[in-house]
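Trainee: File entry_16.cif below, mmCIF, C-alpha atoms:
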data_structure
#
loop_
_atom_site.group_PDB
_atom_site.id
_atom_site.type_symbol
_atom_site.label_atom_id
_atom_site.label_comp_id
_atom_site.auth_asym_id
_atom_site.auth_seq_id
_atom_site.Cartn_x
_atom_site.Cartn_y
_atom_site.Cartn_z
ATOM 1 C CA MET A 121 -18.011 91.925 115.402
ATOM 2 C CA ARG A 122 -16.355 93.165 118.529
ATOM 3 C CA LYS A 123 -13.944 90.248 118.365
ATOM 4 C CA LEU A 124 -13.141 91.089 114.790
ATOM 5 C CA LEU A 125 -12.327 94.662 115.715
ATOM 6 C CA CYS A 126 -10.040 93.462 118.512
ATOM 7 C CA ILE A 127 -8.194 91.237 116.098
ATOM 8 C CA CYS A 128 -7.815 94.086 113.645
ATOM 9 C CA PHE A 129 -6.486 96.399 116.332
ATOM 10 C CA ALA A 130 -4.058 93.667 117.462
ATOM 11 C CA LEU A 131 -2.818 93.180 113.927
ATOM 12 C CA LEU A 132 -2.409 96.939 113.520
ATOM 13 C CA GLY A 133 -0.360 97.127 116.741
ATOM 14 C CA LEU A 134 1.813 94.295 115.599
ATOM 15 C CA LEU A 135 2.471 96.033 112.298
ATOM 16 C CA GLN A 136 3.450 99.267 114.120
ATOM 17 C CA THR A 137 5.819 97.332 116.391
ATOM 18 C CA VAL A 138 7.496 95.693 113.419
ATOM 19 C CA SER A 139 7.757 99.074 111.713
ATOM 20 C CA CYS A 140 9.352 100.700 114.778
ATOM 21 C CA ALA A 141 11.783 97.847 115.095
ATOM 22 C CA SER A 142 12.652 98.168 111.463
ATOM 23 C CA GLN A 143 13.274 101.912 111.856
ATOM 24 C CA SER A 144 15.438 101.550 115.004
ATOM 25 C CA LEU A 145 17.653 98.883 113.501
ATOM 26 C CA PRO A 146 19.272 101.165 110.925
ATOM 27 C CA GLU A 147 19.963 103.750 113.641
ATOM 28 C CA GLU A 148 21.745 101.183 115.832
ATOM 29 C CA THR A 149 23.524 99.773 112.842
ATOM 30 C CA GLY A 150 24.500 103.275 111.906
ATOM 31 C CA LEU A 151 25.906 103.869 115.368
ATOM 32 C CA GLU A 152 27.916 100.655 115.237
ATOM 33 C CA THR A 153 29.099 101.564 111.785
ATOM 34 C CA SER A 154 30.158 104.985 113.031
ATOM 35 C CA ALA A 155 32.047 103.410 115.946
ATOM 36 C CA ALA A 156 33.675 100.924 113.620
ATOM 37 C CA VAL A 157 34.685 103.739 111.306
ATOM 38 C CA THR A 158 36.199 105.602 114.267
ATOM 39 C CA LEU A 159 38.203 102.524 115.333
ATOM 40 C CA LEU A 160 39.379 101.933 111.786
ATOM 41 C CA THR A 161 40.381 105.575 111.558
ATOM 42 C CA GLN A 162 42.446 105.335 114.778
ATOM 43 C CA ALA A 163 44.073 102.039 113.883
ATOM 44 C CA PRO A 164 45.599 103.317 110.644
ATOM 45 C CA ASP A 165 46.871 106.384 112.502
ATOM 46 C CA ALA A 166 48.659 104.185 115.035
ATOM 47 C CA THR A 167 49.886 101.905 112.304
ATOM 48 C CA THR A 168 50.996 104.886 110.288
ATOM 49 C CA GLY A 169 52.856 106.173 113.312
ATOM 50 C CA ILE A 170 54.702 102.918 113.703
ATOM 51 C CA ALA A 171 55.345 102.779 110.005
ATOM 52 C CA GLU A 172 56.668 106.313 110.050
ATOM 53 C CA GLU A 173 59.028 105.525 112.934
ATOM 54 C CA THR A 174 60.211 102.430 111.113
ATOM 55 C CA ASP A 175 60.637 104.436 107.960
ATOM 56 C CA PHE A 176 62.471 107.137 109.951
ATOM 57 C CA SER A 177 64.786 104.577 111.452
ATOM 58 C CA GLU A 178 65.458 103.077 108.067
ATOM 59 C CA THR A 179 65.831 106.554 106.585
ATOM 60 C CA ALA A 180 68.280 107.536 109.323
ATOM 61 C CA GLU A 181 70.233 104.338 108.823
ATOM 62 C CA THR A 182 70.127 104.832 105.090
ATOM 63 C CA SER A 183 71.232 108.448 105.574
ATOM 64 C CA VAL A 184 74.169 107.388 107.741
ATOM 65 C CA THR A 185 75.073 104.673 105.269
ATOM 66 C CA THR A 186 74.747 107.120 102.410
ATOM 67 C CA GLU A 187 76.831 109.737 104.214
ATOM 68 C CA SER A 188 79.463 107.111 105.092
ATOM 69 C CA THR A 189 79.494 105.917 101.511
ATOM 70 C CA GLU A 190 79.766 109.494 100.277
ATOM 71 C CA ALA A 191 82.591 110.176 102.769
ATOM 72 C CA VAL A 192 84.471 107.070 101.665
ATOM 73 C CA THR A 193 83.850 107.946 98.042
ATOM 74 C CA MET A 194 85.096 111.500 98.616
ATOM 75 C CA ALA A 195 88.164 110.186 100.464
ATOM 76 C CA GLN A 196 88.875 107.688 97.702
ATOM 77 C CA THR A 197 88.348 110.363 95.069
ATOM 78 C CA SER A 198 90.663 112.714 96.968
ATOM 79 C CA ALA A 199 93.289 110.000 97.366
ATOM 80 C CA GLU A 200 93.016 109.077 93.706
ATOM 81 C CA SER A 201 93.253 112.748 92.778
ATOM 82 C CA THR A 202 96.314 113.210 94.991
ATOM 83 C CA GLU A 203 97.901 110.055 93.605
ATOM 84 C CA ALA A 204 97.118 111.156 90.072
ATOM 85 C CA THR A 205 98.595 114.591 90.751
ATOM 86 C CA ALA A 206 101.667 113.059 92.351
ATOM 87 C CA THR A 207 102.074 110.659 89.469
ATOM 88 C CA ALA A 208 101.716 113.493 86.998
ATOM 89 C CA GLN A 209 104.259 115.643 88.793
ATOM 90 C CA LYS A 210 106.948 113.103 89.587
ATOM 91 C CA PRO A 211 109.497 112.006 87.047
ATOM 92 C CA ALA A 212 109.185 108.490 85.786
ATOM 93 C CA VAL A 213 111.353 105.957 87.585
ATOM 94 C CA SER A 214 113.245 103.849 85.135
ATOM 95 C CA THR A 215 112.074 100.275 85.006
ATOM 96 C CA THR A 216 115.236 99.150 83.271
ATOM 97 C CA ASP A 217 116.775 96.271 85.145
ATOM 98 C CA VAL A 218 119.933 97.593 86.740
ATOM 99 C CA PRO A 219 121.810 95.319 89.112
ATOM 100 C CA ALA A 220 121.268 96.503 92.656
ATOM 101 C CA ILE A 221 124.234 97.567 94.723
ATOM 102 C CA THR A 222 123.617 95.554 97.846
ATOM 103 C CA ASP A 223 126.950 95.861 99.632
ATOM 104 C CA PHE A 224 127.142 98.641 102.201
ATOM 105 C CA VAL A 225 129.470 101.458 101.297
ATOM 106 C CA PRO A 226 131.576 102.872 104.130
ATOM 107 C CA SER A 227 130.310 105.841 106.082
ATOM 108 C CA VAL A 228 133.857 107.137 106.452
ATOM 109 C CA LEU A 229 136.872 106.242 104.348
ATOM 110 C CA GLU A 230 140.015 105.074 106.007
ATOM 111 C CA GLY A 231 142.894 107.518 106.107
ATOM 112 C CA GLU A 232 143.679 110.960 107.440
ATOM 113 C CA TYR A 233 141.827 113.949 106.111
ATOM 114 C CA ALA A 234 142.722 117.493 107.026
ATOM 115 C CA MET A 235 139.815 119.675 108.056
ATOM 116 C CA GLY A 236 139.750 123.320 107.031
ATOM 117 C CA GLY A 237 140.614 124.875 103.739
ATOM 118 C CA ASP A 238 139.093 123.610 100.528
ATOM 119 C CA PRO A 239 137.230 120.334 100.954
ATOM 120 C CA LEU A 240 138.554 117.251 99.195
ATOM 121 C CA ILE A 241 135.648 115.910 97.145
ATOM 122 C CA GLU A 242 135.943 112.382 95.742
ATOM 123 C CA GLU A 243 133.421 110.392 93.738
ATOM 124 C CA ARG A 244 133.594 106.635 93.974
ATOM 125 C CA ASP A 245 131.195 104.565 91.861
ATOM 126 C CA GLY A 246 128.487 107.199 92.116
ATOM 127 C CA PHE A 247 129.021 107.951 95.819
ATOM 128 C CA THR A 248 130.464 111.261 96.966
ATOM 129 C CA TYR A 249 132.940 111.563 99.821
ATOM 130 C CA VAL A 250 133.987 114.910 101.217
ATOM 131 C CA ASN A 251 137.148 114.732 103.306
ATOM 132 C CA GLY A 252 136.525 111.013 103.570
ATOM 133 C CA ILE A 253 132.895 111.303 104.775
ATOM 134 C CA LEU A 254 130.043 109.907 102.695
ATOM 135 C CA ILE A 255 127.746 112.819 101.864
ATOM 136 C CA VAL A 256 124.130 112.582 100.775
ATOM 137 C CA SER A 257 122.388 115.933 100.560
ATOM 138 C CA LYS A 258 120.635 118.226 98.114
ATOM 139 C CA SER A 259 123.983 118.762 96.394
ATOM 140 C CA TYR A 260 125.139 115.148 96.352
ATOM 141 C CA ALA A 261 123.024 112.150 95.356
ATOM 142 C CA ILE A 262 123.626 108.420 95.486
ATOM 143 C CA PRO A 263 122.776 105.813 92.839
ATOM 144 C CA LYS A 264 119.108 104.870 92.805
ATOM 145 C CA ASN A 265 120.045 101.191 92.498
ATOM 146 C CA TYR A 266 121.896 101.323 95.822
ATOM 147 C CA ASP A 267 119.820 98.904 97.871
ATOM 148 C CA PRO A 268 121.542 97.405 100.908
ATOM 149 C CA ALA A 269 118.069 96.508 102.226
ATOM 150 C CA GLY A 270 118.605 97.554 105.815
ATOM 151 C CA ILE A 271 120.513 99.543 108.374
ATOM 152 C CA ALA A 272 124.298 99.234 108.127
ATOM 153 C CA PRO A 273 125.642 96.767 110.695
ATOM 154 C CA GLU A 274 127.949 99.311 112.345
ATOM 155 C CA ALA A 275 125.104 101.820 112.630
ATOM 156 C CA GLN A 276 122.790 99.201 114.106
ATOM 157 C CA ALA A 277 125.426 98.086 116.614
ATOM 158 C CA ALA A 278 126.023 101.704 117.639
ATOM 159 C CA PHE A 279 122.305 102.275 118.100
ATOM 160 C CA ASP A 280 121.927 99.114 120.171
ATOM 161 C CA ALA A 281 124.708 100.289 122.493
ATOM 162 C CA MET A 282 123.144 103.741 122.762
ATOM 163 C CA LYS A 283 119.720 102.242 123.425
ATOM 164 C CA ALA A 284 121.095 100.131 126.262
ATOM 165 C CA ALA A 285 122.814 103.138 127.835
ATOM 166 C CA ALA A 286 119.641 105.211 127.527
ATOM 167 C CA GLN A 287 117.670 102.431 129.179
ATOM 168 C CA GLU A 288 119.909 102.691 132.233
ATOM 169 C CA ASP A 289 118.967 106.381 132.426
ATOM 170 C CA GLY A 290 115.293 105.568 132.164
ATOM 171 C CA ILE A 291 115.089 106.590 128.512
ATOM 172 C CA LYS A 292 113.487 104.355 125.918
ATOM 173 C CA LEU A 293 114.798 104.730 122.366
ATOM 174 C CA LYS A 294 113.271 103.204 119.270
ATOM 175 C CA ILE A 295 113.818 103.503 115.538
ATOM 176 C CA ILE A 296 110.648 104.607 113.766
ATOM 177 C CA SER A 297 112.247 104.975 110.342
ATOM 178 C CA GLY A 298 115.552 103.467 109.303
ATOM 179 C CA TYR A 299 116.554 102.241 105.873
ATOM 180 C CA ARG A 300 114.382 103.597 103.066
ATOM 181 C CA PRO A 301 114.890 102.433 99.443
ATOM 182 C CA TYR A 302 114.845 104.776 96.452
ATOM 183 C CA ARG A 303 111.353 103.888 95.294
ATOM 184 C CA GLN A 304 109.862 104.427 98.731
ATOM 185 C CA GLN A 305 111.513 107.833 98.988
ATOM 186 C CA ASP A 306 110.338 108.654 95.477
ATOM 187 C CA SER A 307 106.744 107.902 96.440
ATOM 188 C CA ALA A 308 106.921 109.726 99.785
ATOM 189 C CA TYR A 309 108.492 112.883 98.383
ATOM 190 C CA HIS A 310 106.087 113.271 95.488
ATOM 191 C CA ASN A 311 103.083 112.634 97.707
ATOM 192 C CA TYR A 312 104.308 115.386 100.046
ATOM 193 C CA ALA A 313 104.906 117.701 97.095
ATOM 194 C CA ALA A 314 101.415 117.022 95.747
ATOM 195 C CA ARG A 315 99.920 117.738 99.152
ATOM 196 C CA ASP A 316 101.988 120.702 100.381
ATOM 197 C CA GLY A 317 103.690 121.991 97.263
ATOM 198 C CA LYS A 318 107.245 121.365 96.098
ATOM 199 C CA GLU A 319 108.799 124.291 97.953
ATOM 200 C CA ALA A 320 107.362 123.205 101.298
ATOM 201 C CA ALA A 321 108.177 119.535 100.741
ATOM 202 C CA ASP A 322 111.806 120.392 99.978
ATOM 203 C CA ARG A 323 112.180 121.742 103.508
ATOM 204 C CA TYR A 324 111.409 118.437 105.233
ATOM 205 C CA SER A 325 111.665 115.652 102.667
ATOM 206 C CA ALA A 326 114.546 114.674 100.418
ATOM 207 C CA ARG A 327 114.039 114.095 96.751
ATOM 208 C CA PRO A 328 114.655 110.512 95.629
ATOM 209 C CA GLY A 329 118.359 109.745 95.479
ATOM 210 C CA HIS A 330 119.144 112.519 97.972
ATOM 211 C CA SER A 331 117.960 110.851 101.183
ATOM 212 C CA GLU A 332 120.375 109.710 103.870
ATOM 213 C CA HIS A 333 117.896 106.971 104.744
ATOM 214 C CA GLN A 334 118.847 105.171 101.542
ATOM 215 C CA THR A 335 122.398 104.772 102.838
ATOM 216 C CA GLY A 336 121.325 102.693 105.822
ATOM 217 C CA LEU A 337 123.327 105.083 108.029
ATOM 218 C CA ALA A 338 120.498 107.361 109.151
ATOM 219 C CA MET A 339 117.492 106.810 111.372
ATOM 220 C CA ASP A 340 114.581 108.698 112.862
ATOM 221 C CA LEU A 341 113.999 108.049 116.534
ATOM 222 C CA ASN A 342 110.867 107.982 118.678
ATOM 223 C CA SER A 343 108.831 110.902 117.352
ATOM 224 C CA LEU A 344 108.505 113.259 114.410
ATOM 225 C CA SER A 345 106.920 115.957 116.558
ATOM 226 C CA SER A 346 108.296 119.471 116.197
ATOM 227 C CA GLY A 347 108.607 119.689 119.971
ATOM 228 C CA PHE A 348 110.523 116.428 120.335
ATOM 229 C CA GLY A 349 113.807 118.258 120.909
ATOM 230 C CA ASP A 350 112.400 119.737 124.122
ATOM 231 C CA THR A 351 111.371 116.389 125.574
ATOM 232 C CA GLU A 352 113.474 114.388 127.993
ATOM 233 C CA VAL A 353 114.188 111.808 125.304
ATOM 234 C CA GLY A 354 115.062 114.425 122.688
ATOM 235 C CA LYS A 355 117.457 116.158 125.069
ATOM 236 C CA TRP A 356 119.118 112.850 125.964
ATOM 237 C CA ILE A 357 119.725 112.063 122.274
ATOM 238 C CA ALA A 358 121.247 115.499 121.638
ATOM 239 C CA ALA A 359 123.517 115.182 124.674
ATOM 240 C CA HIS A 360 124.708 111.589 124.170
ATOM 241 C CA CYS A 361 124.372 110.443 120.544
ATOM 242 C CA ALA A 362 127.920 111.556 119.647
ATOM 243 C CA GLU A 363 129.289 109.159 122.279
ATOM 244 C CA TYR A 364 128.072 106.348 120.033
ATOM 245 C CA GLY A 365 129.134 107.817 116.692
ATOM 246 C CA PHE A 366 125.974 109.718 115.722
ATOM 247 C CA ILE A 367 125.335 113.378 114.974
ATOM 248 C CA LEU A 368 122.101 115.337 114.835
ATOM 249 C CA ARG A 369 122.126 115.718 111.094
ATOM 250 C CA TYR A 370 119.801 118.727 110.848
ATOM 251 C CA PRO A 371 120.451 120.918 113.905
ATOM 252 C CA GLN A 372 118.292 123.786 115.040
ATOM 253 C CA GLY A 373 118.971 127.092 113.296
ATOM 254 C CA LYS A 374 120.923 125.447 110.459
ATOM 255 C CA GLU A 375 118.283 125.131 107.739
ATOM 256 C CA GLU A 376 120.120 127.480 105.405
ATOM 257 C CA GLU A 377 123.252 125.318 105.654
ATOM 258 C CA THR A 378 121.720 121.827 105.627
ATOM 259 C CA GLY A 379 118.774 122.612 103.365
ATOM 260 C CA TYR A 380 116.322 121.060 105.815
ATOM 261 C CA MET A 381 114.309 122.230 108.767
ATOM 262 C CA TYR A 382 115.288 121.265 112.321
ATOM 263 C CA GLU A 383 114.874 117.527 112.903
ATOM 264 C CA PRO A 384 115.772 116.554 116.487
ATOM 265 C CA TRP A 385 114.838 112.943 115.729
ATOM 266 C CA HIS A 386 117.150 112.396 112.724
ATOM 267 C CA ILE A 387 120.624 111.036 113.487
ATOM 268 C CA ARG A 388 123.394 109.963 111.133
ATOM 269 C CA TYR A 389 126.137 107.487 111.920
ATOM 270 C CA LEU A 390 129.768 108.503 111.267
ATOM 271 C CA ASN A 391 132.087 107.208 113.960
ATOM 272 C CA VAL A 392 132.709 108.269 117.535
ATOM 273 C CA GLU A 393 135.750 110.479 116.821
ATOM 274 C CA LEU A 394 134.122 112.457 114.008
ATOM 275 C CA ALA A 395 130.741 112.657 115.715
ATOM 276 C CA LYS A 396 132.262 114.152 118.842
ATOM 277 C CA ALA A 397 134.371 116.622 116.859
ATOM 278 C CA ILE A 398 131.417 117.852 114.798
ATOM 279 C CA THR A 399 129.072 118.045 117.779
ATOM 280 C CA GLU A 400 131.592 119.948 119.899
ATOM 281 C CA SER A 401 132.172 122.412 117.052
ATOM 282 C CA GLY A 402 128.516 123.449 117.111
ATOM 283 C CA LEU A 403 128.503 123.260 113.316
ATOM 284 C CA SER A 404 126.314 121.343 110.909
ATOM 285 C CA LEU A 405 128.017 118.694 108.787
ATOM 286 C CA GLU A 406 127.915 121.054 105.795
ATOM 287 C CA GLU A 407 129.596 123.850 107.754
ATOM 288 C CA TYR A 408 132.163 121.472 109.187
ATOM 289 C CA LEU A 409 133.136 120.293 105.708
ATOM 290 C CA GLY A 410 132.765 123.648 103.977
ATOM 291 C CA ILE A 411 130.115 122.541 101.483
ATOM 292 C CA GLN A 412 126.582 123.559 100.523
ATOM 293 C CA SER A 413 123.329 121.657 100.266
ATOM 294 C CA VAL A 414 121.296 122.919 97.311
ATOM 295 C CA TYR A 415 119.625 121.219 94.373
ATOM 296 C CA ALA A 416 121.242 121.790 90.998
ATOM 297 C CA GLU A 417 118.487 124.055 89.613
ATOM 298 C CA GLU A 418 118.733 126.343 92.621
#
Please lay out the structure from this file as structure tokens.
Mentor:
Amino acid sequence: MRKLLCICFALLGLLQTVSCASQSLPEETGLETSAAVTLLTQAPDATTGIAEETDFSETAETSVTTESTEAVTMAQTSAESTEATATAQKPAVSTTDVPAITDFVPSVLEGEYAMGGDPLIEERDGFTYVNGILIVSKSYAIPKNYDPAGIAPEAQAAFDAMKAAAQEDGIKLKIISGYRPYRQQDSAYHNYAARDGKEAADRYSARPGHSEHQTGLAMDLNSLSSGFGDTEVGKWIAAHCAEYGFILRYPQGKEEETGYMYEPWHIRYLNVELAKAITESGLSLEEYLGIQSVYAEE
């Protein structure tokens, strides 16, 4: 009997042990589960952080790309708008095939012409000569089909000689704009007018058919800066260009006479004798010849 009781007590103890073990297991498992949940919670945070940085980088790149695209689009839209405005404002250029005049016309006619008194104005095949000098200004145009396709040989030779002399004085001269055909001037002028307004453009840009650049006898040198005349190079040009047959076509303080603002870079080829006479007179070409430079509607 005593043995039986011992066995019963042993079995009862075993059952209690198993029960305790069974109760502790869920607690441990719960702890592990809680730890696992904490780790899983941290891992997504870290991953989210990385993802957010990646997204930020991509967003920043996308933003830059978008802004660049928008800037380009705005620039293109502005350019198209300006071009459309210019096209709308400018007169149509005839597309009729007219034989181009490719032979250079003389800058100065041969013969003696008296200066002073009423100017002698001659028109030859659409070109105007005043006292023997070819004139292109607001008052006098040249044919739009005049297309010699370059700088006149005598003007180029004169510039080359002047450039060599300047080089000896440590001055470097270069042509930044020489011959300019009608269509190019037409485009340039109307773009300027669309941008700055017609009145402003008329002060610094010739209307098509009224530009000396189309003659192949005019050139812009070195710089189009307003302060170019005060530079060493600008002063050298003003002091020596007449020795090679050039004049400063639009002198300072002569806008009312020439129709254009001061351009210390713009020279026009005549010949040495005339260039020296005009330069020494202190007059613009218009004053020297006794003519005006105004567009017909003015």
Trainee: Could you list the residues chosen by the PyMOL selection byres ((chain A and resi 257-264) around 9) in this structure as a PyMOL selection string?
Mentor: chain A and resi 220-221+245-248+255-256+265-267+301-303+326-332+334-335+378-379+411-416
Trainee: If I wrap all listed atoms of range 217-223 of chain A in a box with edges along x, y and z and add 5 Å on each side, what are its centre and edge lengths in Å to one decimal, as lines of an AutoDock Vina configuration file?
Mentor:
center_x = 121.9
center_y = 96.5
center_z = 92.4
size_x = 20.2
size_y = 12.3
size_z = 24.5
Trainee: Quick check on the file I pasted: which residues fall under the PyMOL selection byres ((chain A and resi 367) around 6)? Write them as an mmCIF file with C-alpha atoms, keeping the file's coordinate frame.
Mentor:
data_model
loop_
_atom_site.group_PDB
_atom_site.id
_atom_site.type_symbol
_atom_site.label_atom_id
_atom_site.label_comp_id
_atom_site.auth_asym_id
_atom_site.auth_seq_id
_atom_site.Cartn_x
_atom_site.Cartn_y
_atom_site.Cartn_z
ATOM 1 C CA ALA A 362 127.920 111.556 119.647
ATOM 2 C CA PHE A 366 125.974 109.718 115.722
ATOM 3 C CA LEU A 368 122.101 115.337 114.835
ATOM 4 C CA ARG A 369 122.126 115.718 111.094
ATOM 5 C CA ILE A 387 120.624 111.036 113.487
ATOM 6 C CA ARG A 388 123.394 109.963 111.133
ATOM 7 C CA ALA A 395 130.741 112.657 115.715
#
Trainee: Between A:His333, A:Arg315, A:His360, A:His310, which residue has the minimum interatomic distance to Val392 in chain A, considering only C-alpha atoms?
Mentor: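 Among the listed residues, the smallest separation from Val392 in chain A belongs to A:His360.
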Trainee: Closest to Pro273 in chain A among A:Phe224, A:Tyr249, A:Trp356, A:Trp385, using only C-alpha atoms?
Mentor: A:Phe224
Trainee: Quick check, in Å to one decimal: how far apart do CA of Ala359 in chain A and CA of Leu341 in chain A lie?
Mentor: 14.4 Å
